[in-house]
file work-v3.cif (mmCIF, C-alpha atoms and all ligand atoms)
data_structure
loop_
_atom_site.label_atom_id
_atom_site.label_comp_id
_atom_site.auth_asym_id
_atom_site.auth_seq_id
_atom_site.Cartn_x
_atom_site.Cartn_y
_atom_site.Cartn_z
CA MET A 275 19.28 -71.93 -170.12
CA LYS A 276 17.24 -70.40 -167.30
CA LEU A 277 14.50 -67.89 -168.09
CA ALA A 278 13.99 -64.88 -165.81
CA ILE A 279 11.28 -62.26 -165.92
CA ILE A 280 12.19 -58.88 -164.43
CA THR A 281 9.66 -56.18 -163.62
CA GLY A 282 11.08 -52.68 -163.18
CA ILE A 283 13.80 -53.49 -165.74
CA SER A 284 14.00 -49.80 -166.72
CA GLY A 285 15.08 -48.82 -163.21
CA GLN A 286 18.51 -48.76 -161.58
CA ASP A 287 18.38 -52.27 -160.12
CA GLY A 288 16.62 -53.71 -163.17
CA ALA A 289 19.49 -52.66 -165.42
CA TYR A 290 22.29 -54.03 -163.19
CA LEU A 291 20.39 -57.25 -162.42
CA THR A 292 19.76 -57.83 -166.13
CA LYS A 293 23.48 -57.46 -166.82
CA LEU A 294 24.29 -59.98 -164.08
CA LEU A 295 21.71 -62.53 -165.28
CA LEU A 296 22.87 -62.25 -168.89
CA GLU A 297 26.45 -62.87 -167.70
CA ASN A 298 25.06 -66.00 -166.00
CA GLN A 299 23.59 -67.20 -169.33
CA TYR A 300 19.94 -66.42 -168.51
CA LYS A 301 17.37 -65.43 -171.08
CA VAL A 302 15.83 -62.22 -169.69
CA ILE A 303 12.36 -60.85 -170.34
CA GLY A 304 11.41 -57.43 -169.00
CA LEU A 305 7.81 -56.50 -168.27
CA VAL A 306 7.40 -52.79 -168.93
CA ARG A 307 4.68 -50.15 -169.03
CA ASN A 308 5.70 -48.92 -172.46
CA THR A 309 7.99 -50.73 -174.87
CA ALA A 310 8.71 -47.43 -176.67
CA ALA A 311 10.36 -45.88 -173.57
CA SER A 312 14.08 -45.02 -173.73
CA PHE A 313 15.52 -47.61 -171.26
CA ASN A 314 18.54 -45.47 -170.44
CA GLY A 315 19.95 -47.94 -167.92
CA LEU A 316 19.93 -50.93 -170.29
CA ASN A 317 21.33 -48.67 -173.02
CA TYR A 318 24.05 -47.35 -170.74
CA LEU A 319 25.15 -50.91 -169.93
CA GLY A 320 25.00 -51.85 -173.64
CA ILE A 321 22.47 -54.68 -173.14
CA LEU A 322 19.21 -53.27 -174.51
CA ASP A 323 19.36 -55.55 -177.57
CA GLU A 324 19.91 -58.63 -175.44
CA VAL A 325 16.56 -58.59 -173.64
CA GLU A 326 12.97 -59.10 -174.73
CA LEU A 327 10.62 -56.36 -173.54
CA ILE A 328 6.92 -57.05 -173.20
CA ALA A 329 4.25 -54.50 -172.37
CA CYS A 330 2.30 -55.55 -169.27
CA ASP A 331 0.04 -53.72 -166.86
CA LEU A 332 0.97 -55.32 -163.54
CA LEU A 333 -2.34 -54.15 -162.09
CA ASP A 334 -4.16 -56.46 -164.53
CA ILE A 335 -3.93 -60.06 -163.32
CA THR A 336 -5.21 -61.40 -166.64
CA GLN A 337 -2.21 -59.94 -168.45
CA VAL A 338 0.24 -61.18 -165.83
CA THR A 339 -1.25 -64.69 -165.87
CA GLN A 340 -1.19 -64.87 -169.66
CA ILE A 341 2.50 -63.95 -169.72
CA LEU A 342 3.37 -66.60 -167.13
CA LYS A 343 1.40 -69.22 -169.10
CA THR A 344 3.20 -68.29 -172.31
CA TYR A 345 6.76 -68.06 -170.98
CA ASN A 346 6.74 -70.21 -167.81
CA PRO A 347 9.86 -68.56 -166.32
CA ASP A 348 12.16 -70.22 -163.78
CA GLU A 349 12.48 -67.00 -161.78
CA ILE A 350 10.70 -63.66 -161.45
CA TYR A 351 12.40 -60.62 -159.96
CA ASN A 352 9.75 -58.10 -158.95
CA LEU A 353 11.50 -54.74 -158.85
CA ALA A 354 8.73 -52.51 -160.23
CA ALA A 355 7.45 -50.02 -157.69
CA GLN A 356 6.80 -46.38 -157.10
CA SER A 357 10.13 -46.30 -155.29
CA SER A 358 10.44 -42.76 -153.95
CA VAL A 359 9.60 -41.94 -150.32
CA SER A 360 9.15 -38.24 -151.21
CA GLU A 361 6.82 -39.03 -154.13
CA SER A 362 4.78 -41.31 -151.85
CA TYR A 363 3.80 -38.30 -149.72
CA ALA A 364 2.54 -36.56 -152.90
CA ASN A 365 0.74 -39.69 -154.15
CA PRO A 366 0.10 -42.01 -151.18
CA ILE A 367 -2.86 -43.93 -152.56
CA GLY A 368 -1.33 -44.47 -156.00
CA THR A 369 1.88 -45.65 -154.33
CA PHE A 370 0.04 -48.08 -152.07
CA GLU A 371 -2.17 -49.35 -154.87
CA PHE A 372 0.62 -50.10 -157.33
CA ASN A 373 3.17 -51.39 -154.83
CA THR A 374 0.74 -53.89 -153.30
CA ILE A 375 -1.74 -54.98 -155.99
CA SER A 376 1.05 -55.67 -158.49
CA VAL A 377 2.60 -58.06 -155.95
CA PHE A 378 -0.71 -59.82 -155.27
CA ASN A 379 -1.25 -60.22 -159.02
CA ILE A 380 2.18 -61.75 -159.61
CA ILE A 381 1.82 -64.16 -156.69
CA GLU A 382 -1.72 -65.21 -157.60
CA ALA A 383 -0.62 -65.69 -161.21
CA ILE A 384 2.25 -67.93 -160.01
CA ARG A 385 -0.12 -69.92 -157.79
CA ASN A 386 -2.58 -70.42 -160.64
CA THR A 387 -0.09 -71.27 -163.39
CA ASN A 388 3.07 -72.86 -162.00
CA PRO A 389 3.68 -72.78 -158.22
CA ALA A 390 7.30 -73.85 -158.83
CA ILE A 391 8.21 -70.43 -160.25
CA LYS A 392 10.58 -68.68 -157.83
CA LEU A 393 9.85 -65.06 -156.91
CA TYR A 394 12.16 -62.35 -155.60
CA GLN A 395 10.37 -59.38 -154.00
CA ALA A 396 12.09 -56.01 -153.53
CA SER A 397 11.40 -55.15 -149.89
CA SER A 398 12.93 -52.10 -148.24
CA SER A 399 14.70 -51.06 -145.04
CA GLU A 400 12.20 -48.20 -144.93
CA MET A 401 9.78 -50.79 -143.47
CA PHE A 402 11.61 -50.58 -140.12
CA GLY A 403 10.96 -46.84 -139.85
CA LYS A 404 10.80 -45.85 -136.22
CA VAL A 405 13.91 -47.70 -135.23
CA GLY A 406 14.41 -49.09 -131.72
CA LYS A 407 17.56 -51.16 -131.37
CA LEU A 408 20.42 -50.93 -133.87
CA PRO A 409 21.68 -52.67 -135.90
CA ILE A 410 18.50 -53.81 -137.62
CA THR A 411 18.24 -57.59 -138.12
CA GLU A 412 15.74 -59.75 -139.99
CA THR A 413 13.67 -59.98 -136.79
CA SER A 414 13.58 -56.27 -135.88
CA LEU A 415 10.20 -54.63 -135.32
CA ILE A 416 8.45 -53.12 -138.32
CA HIS A 417 7.13 -49.57 -137.85
CA PRO A 418 6.80 -47.76 -141.23
CA LEU A 419 6.98 -43.95 -141.31
CA SER A 420 5.86 -43.12 -144.86
CA PRO A 421 3.22 -44.20 -147.40
CA TYR A 422 6.04 -45.85 -149.40
CA ALA A 423 7.13 -47.83 -146.35
CA ILE A 424 3.54 -48.86 -145.58
CA SER A 425 3.12 -50.16 -149.13
CA LYS A 426 6.36 -52.14 -148.88
CA VAL A 427 5.28 -53.66 -145.54
CA ALA A 428 1.98 -54.80 -147.07
CA ALA A 429 3.77 -56.29 -150.07
CA HIS A 430 6.39 -57.94 -147.84
CA TYR A 431 3.83 -59.67 -145.63
CA THR A 432 1.81 -60.73 -148.67
CA CYS A 433 4.94 -62.59 -149.76
CA VAL A 434 5.56 -64.07 -146.31
CA ASN A 435 1.93 -65.17 -146.07
CA TYR A 436 1.85 -66.93 -149.45
CA ARG A 437 5.17 -68.62 -148.69
CA GLU A 438 3.85 -69.91 -145.36
CA SER A 439 0.31 -70.73 -146.52
CA TYR A 440 0.98 -72.25 -149.95
CA GLY A 441 4.65 -73.23 -149.80
CA LEU A 442 5.57 -70.91 -152.67
CA PHE A 443 9.25 -70.17 -153.24
CA ILE A 444 9.21 -66.45 -152.47
CA CYS A 445 12.21 -64.55 -151.07
CA CYS A 446 12.24 -60.93 -149.97
CA GLY A 447 15.46 -59.00 -150.17
CA ILE A 448 15.19 -56.23 -147.61
CA LEU A 449 17.56 -53.77 -149.19
CA PHE A 450 18.95 -50.65 -147.60
CA ASN A 451 19.71 -47.59 -149.78
CA HIS A 452 21.97 -48.47 -152.68
CA GLU A 453 23.34 -46.11 -155.26
CA SER A 454 24.89 -46.02 -158.71
CA TYR A 455 25.36 -43.77 -161.71
CA LEU A 456 21.93 -45.01 -162.88
CA ARG A 457 20.05 -43.72 -159.82
CA SER A 458 17.26 -41.27 -160.78
CA SER A 459 18.16 -37.63 -160.23
CA GLY A 460 15.55 -37.11 -157.48
CA PHE A 461 17.36 -39.43 -155.05
CA PHE A 462 19.72 -37.85 -152.53
CA VAL A 463 23.18 -39.17 -153.46
CA LYS A 464 22.67 -38.76 -157.21
CA LYS A 465 21.26 -35.27 -156.67
CA VAL A 466 24.22 -34.23 -154.51
CA ILE A 467 26.80 -35.50 -157.01
CA ARG A 468 25.01 -34.16 -160.10
CA GLU A 469 24.21 -30.73 -158.69
CA SER A 470 27.63 -30.32 -157.06
CA LEU A 471 29.25 -30.99 -160.42
CA GLU A 472 27.03 -28.29 -161.91
CA ILE A 473 28.07 -25.87 -159.13
CA SER A 474 31.73 -26.61 -159.90
CA GLN A 475 31.00 -25.77 -163.55
CA ASN A 476 29.24 -22.48 -162.61
CA LYS A 477 25.92 -23.80 -163.93
CA ARG A 478 24.22 -23.71 -160.52
CA THR A 479 24.62 -21.43 -157.52
CA ASN A 480 23.94 -23.78 -154.61
CA LEU A 481 22.70 -27.18 -153.41
CA GLN A 482 19.30 -27.10 -151.70
CA VAL A 483 18.59 -29.93 -149.27
CA GLY A 484 16.29 -30.85 -146.37
CA ASN A 485 17.26 -32.49 -143.08
CA ILE A 486 20.89 -33.59 -143.58
CA ASP A 487 21.54 -34.68 -140.02
CA ILE A 488 19.83 -38.04 -140.57
CA LYS A 489 21.96 -41.13 -141.18
CA ARG A 490 21.47 -43.99 -143.60
CA ASP A 491 23.15 -47.28 -144.47
CA PHE A 492 24.23 -46.77 -148.11
CA GLY A 493 25.67 -49.31 -150.51
CA TYR A 494 26.61 -49.93 -154.14
CA ALA A 495 23.80 -51.14 -156.43
CA PRO A 496 25.86 -53.38 -158.79
CA LYS A 497 26.96 -55.41 -155.73
CA TYR A 498 23.48 -55.48 -154.17
CA VAL A 499 21.88 -57.09 -157.25
CA GLU A 500 24.28 -60.02 -156.77
CA ALA A 501 22.44 -60.76 -153.54
CA MET A 502 19.07 -60.75 -155.34
CA HIS A 503 20.28 -63.52 -157.64
CA LEU A 504 21.84 -65.50 -154.76
CA LEU A 505 18.57 -65.36 -152.81
CA LEU A 506 16.75 -67.37 -155.46
CA GLN A 507 19.52 -69.98 -155.70
CA GLN A 508 19.01 -71.18 -152.08
CA GLU A 509 17.36 -74.49 -151.26
CA LYS A 510 14.79 -72.91 -148.98
CA PRO A 511 13.17 -69.50 -149.44
CA SER A 512 13.83 -66.88 -146.76
CA ASP A 513 14.19 -63.13 -146.27
CA TYR A 514 17.53 -61.35 -146.00
CA LEU A 515 18.81 -57.91 -145.08
CA ILE A 516 21.14 -56.56 -147.73
CA CYS A 517 23.14 -53.67 -146.33
CA SER A 518 26.64 -52.40 -145.67
CA GLY A 519 26.36 -52.49 -141.87
CA GLN A 520 27.32 -48.83 -141.34
CA SER A 521 25.43 -45.56 -141.45
CA VAL A 522 26.67 -42.24 -142.81
CA SER A 523 25.09 -38.83 -142.29
CA LEU A 524 23.78 -36.94 -145.30
CA ARG A 525 25.85 -33.94 -144.17
CA ASP A 526 29.07 -36.01 -144.34
CA ILE A 527 28.18 -37.15 -147.85
CA ILE A 528 27.63 -33.56 -149.01
CA TYR A 529 30.86 -32.32 -147.45
CA TYR A 530 32.80 -35.23 -148.93
CA VAL A 531 31.51 -34.46 -152.44
CA PHE A 532 32.01 -30.69 -151.96
CA ASP A 533 35.60 -31.19 -150.79
CA LYS A 534 36.36 -33.45 -153.76
CA LEU A 535 35.03 -30.82 -156.17
CA ASN A 536 36.51 -27.83 -154.27
CA ILE A 537 33.14 -26.31 -153.42
CA ASP A 538 32.71 -24.02 -150.42
CA ARG A 539 30.52 -25.65 -147.76
CA SER A 540 28.43 -22.47 -147.42
CA LEU A 541 26.85 -23.35 -150.79
CA CYS A 542 24.89 -26.13 -149.09
CA VAL A 543 21.54 -24.48 -148.30
CA ILE A 544 18.96 -25.99 -145.96
CA ASN A 545 15.46 -25.63 -147.37
CA LYS A 546 12.64 -26.58 -144.99
CA ALA A 547 10.42 -27.36 -147.99
CA PHE A 548 12.46 -30.56 -148.42
CA TYR A 549 11.77 -31.77 -144.87
CA ARG A 550 9.55 -34.86 -144.58
CA PRO A 551 6.57 -35.13 -142.20
CA ALA A 552 8.41 -37.95 -140.41
CA ASP A 553 11.88 -39.34 -140.96
CA ILE A 554 14.15 -42.11 -139.73
CA GLU A 555 17.00 -40.53 -137.73
CA ASP A 556 19.59 -43.26 -137.97
CA ILE A 557 19.43 -46.73 -139.45
CA TYR A 558 21.93 -49.46 -140.29
CA GLY A 559 21.60 -53.17 -140.62
CA ASN A 560 23.38 -56.39 -139.80
CA ASN A 561 24.27 -58.32 -142.98
CA GLU A 562 25.57 -61.49 -141.26
CA LYS A 563 22.70 -63.72 -142.45
CA ALA A 564 23.27 -62.74 -146.09
CA LYS A 565 27.03 -63.10 -145.80
CA THR A 566 26.84 -66.48 -144.07
CA GLU A 567 23.94 -68.19 -145.84
CA LEU A 568 24.25 -66.64 -149.31
CA SER A 569 28.04 -66.18 -149.30
CA TRP A 570 27.29 -62.63 -150.44
CA GLN A 571 30.44 -60.55 -150.31
CA TYR A 572 30.37 -56.87 -149.50
CA ASP A 573 33.07 -54.81 -147.85
CA LEU A 574 32.82 -51.37 -149.48
CA ASP A 575 33.01 -48.30 -147.33
CA PHE A 576 30.49 -45.73 -148.64
CA PHE A 577 33.16 -43.10 -149.20
CA GLU A 578 34.87 -45.56 -151.58
CA VAL A 579 31.53 -45.88 -153.38
CA LEU A 580 31.28 -42.08 -153.54
CA ASP A 581 34.71 -41.94 -155.19
CA LEU A 582 33.48 -44.36 -157.87
CA LEU A 583 30.23 -42.44 -158.41
CA ILE A 584 31.88 -39.02 -158.64
CA GLU A 585 34.42 -40.37 -161.14
CA GLU A 586 31.69 -41.98 -163.29
CA GLU A 587 29.58 -38.81 -163.22
CA ILE A 588 32.51 -36.63 -164.29
CA SER A 589 33.59 -39.04 -167.01
CA ASN A 590 30.06 -39.30 -168.49
CA ASP A 591 29.58 -35.56 -168.20
CA LYS A 592 32.70 -35.04 -170.34
CA LYS A 593 31.45 -37.58 -172.92
CA ASN A 594 28.02 -35.94 -173.12
CA HIS A 595 29.29 -32.38 -173.66
P1 LIG B 1 13.74 -47.26 -159.72
O1 LIG B 1 15.04 -46.96 -160.39
O2 LIG B 1 12.89 -46.14 -159.24
O3 LIG B 1 12.90 -48.16 -160.71
C1 LIG B 1 11.55 -48.44 -160.45
C2 LIG B 1 11.01 -49.30 -161.57
O4 LIG B 1 9.62 -49.53 -161.30
C3 LIG B 1 11.11 -48.65 -162.96
O5 LIG B 1 11.44 -49.63 -163.90
C4 LIG B 1 9.69 -48.14 -163.19
O6 LIG B 1 9.29 -48.16 -164.56
C5 LIG B 1 8.88 -49.21 -162.46
N1 LIG B 1 7.56 -48.69 -162.11
C6 LIG B 1 7.28 -47.68 -161.26
N2 LIG B 1 5.95 -47.45 -161.23
C7 LIG B 1 5.40 -48.33 -162.09
C8 LIG B 1 4.07 -48.59 -162.52
N3 LIG B 1 3.04 -47.91 -162.03
N4 LIG B 1 3.87 -49.57 -163.44
C9 LIG B 1 4.92 -50.28 -163.92
N5 LIG B 1 6.20 -50.08 -163.56
C10 LIG B 1 6.43 -49.13 -162.66
O7 LIG B 1 13.97 -48.22 -158.46
P2 LIG B 1 15.25 -49.08 -158.05
O8 LIG B 1 16.16 -48.19 -157.28
O9 LIG B 1 15.77 -49.80 -159.23
O10 LIG B 1 14.60 -50.08 -157.00
C11 LIG B 1 14.09 -51.35 -157.42
C12 LIG B 1 13.13 -51.87 -156.37
O11 LIG B 1 13.81 -51.98 -155.11
C13 LIG B 1 11.93 -50.98 -156.10
O12 LIG B 1 10.84 -51.81 -155.80
C14 LIG B 1 12.33 -50.19 -154.87
O13 LIG B 1 11.19 -49.76 -154.14
C15 LIG B 1 13.14 -51.23 -154.12
N6 LIG B 1 14.17 -50.71 -153.22
C16 LIG B 1 15.12 -49.84 -153.71
C17 LIG B 1 16.11 -49.37 -152.86
C18 LIG B 1 17.20 -48.45 -153.37
O14 LIG B 1 17.95 -47.90 -152.55
N7 LIG B 1 17.37 -48.28 -154.69
C19 LIG B 1 16.15 -49.79 -151.53
C20 LIG B 1 15.18 -50.69 -151.07
C21 LIG B 1 14.21 -51.16 -151.93
P3 LIG B 1 9.21 -46.80 -165.44
O15 LIG B 1 10.58 -46.64 -166.04
O16 LIG B 1 8.15 -47.14 -166.44
O17 LIG B 1 8.83 -45.69 -164.52
#
call {"tool": "encode", "arguments": {"input": "work-v3.cif", "output": "structure tokens", "more": "lines below"}}
Ligand code: NAP
result
Amino acid sequence: MKLAIITGISGQDGAYLTKLLLENQYKVIGLVRNTAASFNGLNYLGILDEVELIACDLLDITQVTQILKTYNPDEIYNLAAQSSVSESYANPIGTFEFNTISVFNIIEAIRNTNPAIKLYQASSSEMFGKVGKLPITETSLIHPLSPYAISKVAAHYTCVNYRESYGLFICCGILFNHESYLRSSGFFVKKVIRESLEISQNKRTNLQVGNIDIKRDFGYAPKYVEAMHLLLQQEKPSDYLICSGQSVSLRDIIYYVFDKLNIDRSLCVINKAFYRPADIEDIYGNNEKAKTELSWQYDLDFFEVLDLLIEEEISNDKKNH
């Protein structure tokens, strides 16, 4: 039986990845800030009792090293991060500190305990930022546009450097936006679906949003975690773009959800307070490397994903009320 350690197990990806690894007969250990937290994602998927949760401050290398010495995992999936672009403008230094030092600590702990441990690092399409040529590929220029993106670039190149300098088995999955029912409510797609449902139930008067003429490459989280696992099963470590290959405008997403729930489009209100200091206008990636080398399969259109998400939100809303 393989042993995997997951950081960020309480998040969206952590929950779906845990489910996948358990289905593949792994023993899963989650490193968490607070073992008394509620772990809604793991609970929702019915797997909370199947994992071991250990409190660990990822900013403390002594704690990280001790855990690796004790458990000697086959694989580590590093998903923990301050993951919100918006929050990174409010807390740039905290975002940079956590998203980079935690990665250094994990890699140094691997190097000093067992260099054979394989590491997956959660990199982000936000790293590309000021996009030149589309579609983005693994060799596109990096030009981050937010404190979050800057932190992810630093973490990404820390991984690349340790792989090249010390031969460590480190793979970065450069994931584009991916969504699910378990997405936190501050993120765009979840917010649109949740708040639109509330409008349709007369619990809210409108949907307030920022710049909705930007376009993003959105995908479905339960399928994207499959790629994370595949990355660490390769013979040689490398970095891969994980994306759908198409971009959709935020406006089209809102109108699609509104139409499904019979909401008048005039209830979408632009609020300049939600605008970001800088934003990517349009971004989509090329997933050929992942599809060819990892045999990762993905062919969902994002409007199909929206159908799934709206249905799940409505069904859980009925159960909870
Ligand atoms: P998420 O739902 O926001 O989860 C983030 C996880 O990180 C949570 O488990 C959270 O734990 C943990 N975390 C945050 N700050 C921490 C801290 N200071 N100390 C310890 N743990 C901390 O994120 P996600 O959507 O699952 O994304 C997983 C990873 O992929 C992240 O690194 C994210 O940046 C990256 N990524 C995500 C996307 C996407 O579209 N979802 C795209 C590209 C890359 P708590 O519950 O304790 O807060």
call {"tool": "residues_near_point", "arguments": {"input": "work-v3.cif", "point": "(15.9, -61.9, -171.8)", "cutoff": "12 Å", "atoms": "all atoms listed in the file", "output": "PyMOL selection string"}}
result
chain A and resi 275-281+283+288-289+291-305+316+321-328+345+347+349-350
call {"tool": "closest_atom_pairs", "arguments": {"input": "work-v3.cif", "of": "chain A", "to": "ligand LIG 1 (chain B)", "cutoff": "7 Å", "atoms": "only C-alpha atoms and all ligand atoms", "output": "Markdown table"}}
result
| residue | atom | partner | partner_atom | distance |
| --- | --- | --- | --- | --- |
| A:Thr281 | CA | B:LIG1 | O5 | 6.8 |
| A:Gly282 | CA | B:LIG1 | O5 | 3.2 |
| A:Ile283 | CA | B:LIG1 | O5 | 4.9 |
| A:Ser284 | CA | B:LIG1 | O5 | 3.8 |
| A:Gly285 | CA | B:LIG1 | O1 | 3.4 |
| A:Gln286 | CA | B:LIG1 | O9 | 3.8 |
| A:Asp287 | CA | B:LIG1 | O9 | 3.7 |
| A:Gly288 | CA | B:LIG1 | O9 | 5.6 |
| A:Val306 | CA | B:LIG1 | C9 | 6.1 |
| A:Arg307 | CA | B:LIG1 | C9 | 5.1 |
| A:Asn308 | CA | B:LIG1 | O16 | 6.7 |
| A:Asp331 | CA | B:LIG1 | N4 | 6.6 |
| A:Leu332 | CA | B:LIG1 | C9 | 6.4 |
| A:Leu353 | CA | B:LIG1 | C12 | 4.1 |
| A:Ala354 | CA | B:LIG1 | O4 | 3.3 |
| A:Ala355 | CA | B:LIG1 | O4 | 4.2 |
| A:Gln356 | CA | B:LIG1 | N2 | 4.4 |
| A:Ser357 | CA | B:LIG1 | O13 | 3.8 |
| A:Ser358 | CA | B:LIG1 | O2 | 6.7 |
| A:Phe372 | CA | B:LIG1 | N3 | 5.7 |
| A:Ala396 | CA | B:LIG1 | O11 | 4.7 |
| A:Ser397 | CA | B:LIG1 | C21 | 5.3 |
| A:Ser398 | CA | B:LIG1 | C20 | 3.9 |
| A:Ser399 | CA | B:LIG1 | C20 | 6.1 |
| A:Ile448 | CA | B:LIG1 | C20 | 6.5 |
| A:Leu449 | CA | B:LIG1 | C20 | 4.3 |
| A:Phe450 | CA | B:LIG1 | C19 | 4.9 |
| A:Asn451 | CA | B:LIG1 | O14 | 3.3 |
| A:His452 | CA | B:LIG1 | O14 | 4.1 |
| A:Glu453 | CA | B:LIG1 | O14 | 6.3 |
| A:Arg457 | CA | B:LIG1 | O1 | 6.0 |
| A:Ser458 | CA | B:LIG1 | O1 | 6.1 |
call {"tool": "write_last_selection", "arguments": {"input": "work-v3.cif", "atoms": "C-alpha atoms", "output": "short mmCIF file (atom, residue, chain, number, x, y, z; two decimals), in the coordinates of the input"}}
result
data_model
loop_
_atom_site.label_atom_id
_atom_site.label_comp_id
_atom_site.auth_asym_id
_atom_site.auth_seq_id
_atom_site.Cartn_x
_atom_site.Cartn_y
_atom_site.Cartn_z
CA THR A 281 9.66 -56.18 -163.62
CA GLY A 282 11.08 -52.68 -163.18
CA ILE A 283 13.80 -53.49 -165.74
CA SER A 284 14.00 -49.80 -166.72
CA GLY A 285 15.08 -48.82 -163.21
CA GLN A 286 18.51 -48.76 -161.58
CA ASP A 287 18.38 -52.27 -160.12
CA GLY A 288 16.62 -53.71 -163.17
CA VAL A 306 7.40 -52.79 -168.93
CA ARG A 307 4.68 -50.15 -169.03
CA ASN A 308 5.70 -48.92 -172.46
CA ASP A 331 0.04 -53.72 -166.86
CA LEU A 332 0.97 -55.32 -163.54
CA LEU A 353 11.50 -54.74 -158.85
CA ALA A 354 8.73 -52.51 -160.23
CA ALA A 355 7.45 -50.02 -157.69
CA GLN A 356 6.80 -46.38 -157.10
CA SER A 357 10.13 -46.30 -155.29
CA SER A 358 10.44 -42.76 -153.95
CA PHE A 372 0.62 -50.10 -157.33
CA ALA A 396 12.09 -56.01 -153.53
CA SER A 397 11.40 -55.15 -149.89
CA SER A 398 12.93 -52.10 -148.24
CA SER A 399 14.70 -51.06 -145.04
CA ILE A 448 15.19 -56.23 -147.61
CA LEU A 449 17.56 -53.77 -149.19
CA PHE A 450 18.95 -50.65 -147.60
CA ASN A 451 19.71 -47.59 -149.78
CA HIS A 452 21.97 -48.47 -152.68
CA GLU A 453 23.34 -46.11 -155.26
CA ARG A 457 20.05 -43.72 -159.82
CA SER A 458 17.26 -41.27 -160.78
#
call {"tool": "residues_around", "arguments": {"input": "work-v3.cif", "residues": "range 402-405 of chain A", "least_positions_apart": "2", "cutoff": "6 Å", "atoms": "only C-alpha atoms", "output": "mmCIF file with C-alpha atoms, in the frame of the given file"}}
result
data_model
loop_
_atom_site.group_PDB
_atom_site.id
_atom_site.type_symbol
_atom_site.label_atom_id
_atom_site.label_comp_id
_atom_site.auth_asym_id
_atom_site.auth_seq_id
_atom_site.Cartn_x
_atom_site.Cartn_y
_atom_site.Cartn_z
ATOM 1 C CA SER A 399 14.700 -51.060 -145.040
ATOM 2 C CA GLU A 400 12.200 -48.200 -144.930
ATOM 3 C CA ILE A 416 8.450 -53.120 -138.320
ATOM 4 C CA HIS A 417 7.130 -49.570 -137.850
ATOM 5 C CA PRO A 418 6.800 -47.760 -141.230
ATOM 6 C CA LEU A 419 6.980 -43.950 -141.310
ATOM 7 C CA ILE A 554 14.150 -42.110 -139.730
#
call {"tool": "atom_distance", "arguments": {"input": "work-v3.cif", "atom1": "CA of Asn476 in chain A", "atom2": "CA of Tyr530 in chain A"}}
result
19.0 Å
call {"tool": "closest_residue", "arguments": {"input": "work-v3.cif", "among": "A:Asp553, A:Glu585, A:Asp491, A:Glu562", "to": "Val359 in chain A", "atoms": "only C-alpha atoms"}}
result
A:Asp553
call {"tool": "closest_residue", "arguments": {"input": "work-v3.cif", "among": "A:Asn346, A:Thr369, A:Thr479, A:Ala495", "to": "Leu541 in chain A", "atoms": "all atoms listed in the file"}}
result
A:Thr479
call {"tool": "closest_residue", "arguments": {"input": "work-v3.cif", "among": "A:Val483, A:Ile537, A:Cys542, A:Leu568", "to": "Ile516 in chain A", "atoms": "all atoms listed in the file"}}
result
A:Leu568
call {"tool": "residues_around", "arguments": {"input": "work-v3.cif", "residues": "Glu578 in chain A", "least_positions_apart": "5", "cutoff": "12 Å", "atoms": "all atoms listed in the file", "output": "NGL selection string"}}
result
:A and (492-494 or 527 or 530-531 or 573 or 583-585)
call {"tool": "closest_residue", "arguments": {"input": "work-v3.cif", "among": "A:Leu415, A:Leu319, A:Val427, A:Leu342", "to": "Pro389 in chain A", "atoms": "all atoms listed in the file"}}
result
A:Leu342
call {"tool": "axis_aligned_box", "arguments": {"input": "work-v3.cif", "around": "range 301-313 of chain A", "padding_each_side": "5 Å", "output": "AutoDock Vina command-line options"}}
result
--center_x 11.0 --center_y -55.2 --center_z -172.5 --size_x 22.7 --size_y 30.4 --size_z 18.4
call {"tool": "residues_around", "arguments": {"input": "work-v3.cif", "residues": "range 465-471 of chain A", "least_positions_apart": "5", "cutoff": "7 Å", "atoms": "all atoms listed in the file", "output": "compact mmCIF listing (two decimals) with C-alpha atoms, in the frame of the given file"}}
result
# COMPACT_ATOMS: atom_id res chain seq x y z
CA SER A 459 18.16 -37.63 -160.23
CA GLY A 460 15.55 -37.11 -157.48
CA LEU A 481 22.70 -27.18 -153.41
CA ILE A 528 27.63 -33.56 -149.01
CA VAL A 531 31.51 -34.46 -152.44
CA PHE A 532 32.01 -30.69 -151.96
CA ILE A 584 31.88 -39.02 -158.64
call {"tool": "closest_residue", "arguments": {"input": "work-v3.cif", "among": "A:Gly484, A:Pro511, A:Pro496, A:Gly559", "to": "Val543 in chain A", "atoms": "all atoms listed in the file"}}
result
A:Gly484
call {"tool": "closest_residue", "arguments": {"input": "work-v3.cif", "among": "A:Ala310, A:Leu333, A:Val463, A:Ile544", "to": "Val579 in chain A", "atoms": "all atoms listed in the file"}}
result
A:Val463
call {"tool": "atom_distance", "arguments": {"input": "work-v3.cif", "atom1": "CA of Lys593 in chain A", "atom2": "CA of Lys534 in chain A"}}
result
20.2 Å
call {"tool": "residues_near_point", "arguments": {"input": "work-v3.cif", "point": "(20.9, -41.2, -141.9)", "cutoff": "8 Å", "atoms": "only C-alpha atoms", "output": "list in words"}}
result
Ile486, Asp487, Ile488, Lys489, Arg490, Asp491, Ser521, Val522, Ser523, Leu524, Ile554, Glu555, Asp556 and Ile557 of chain A
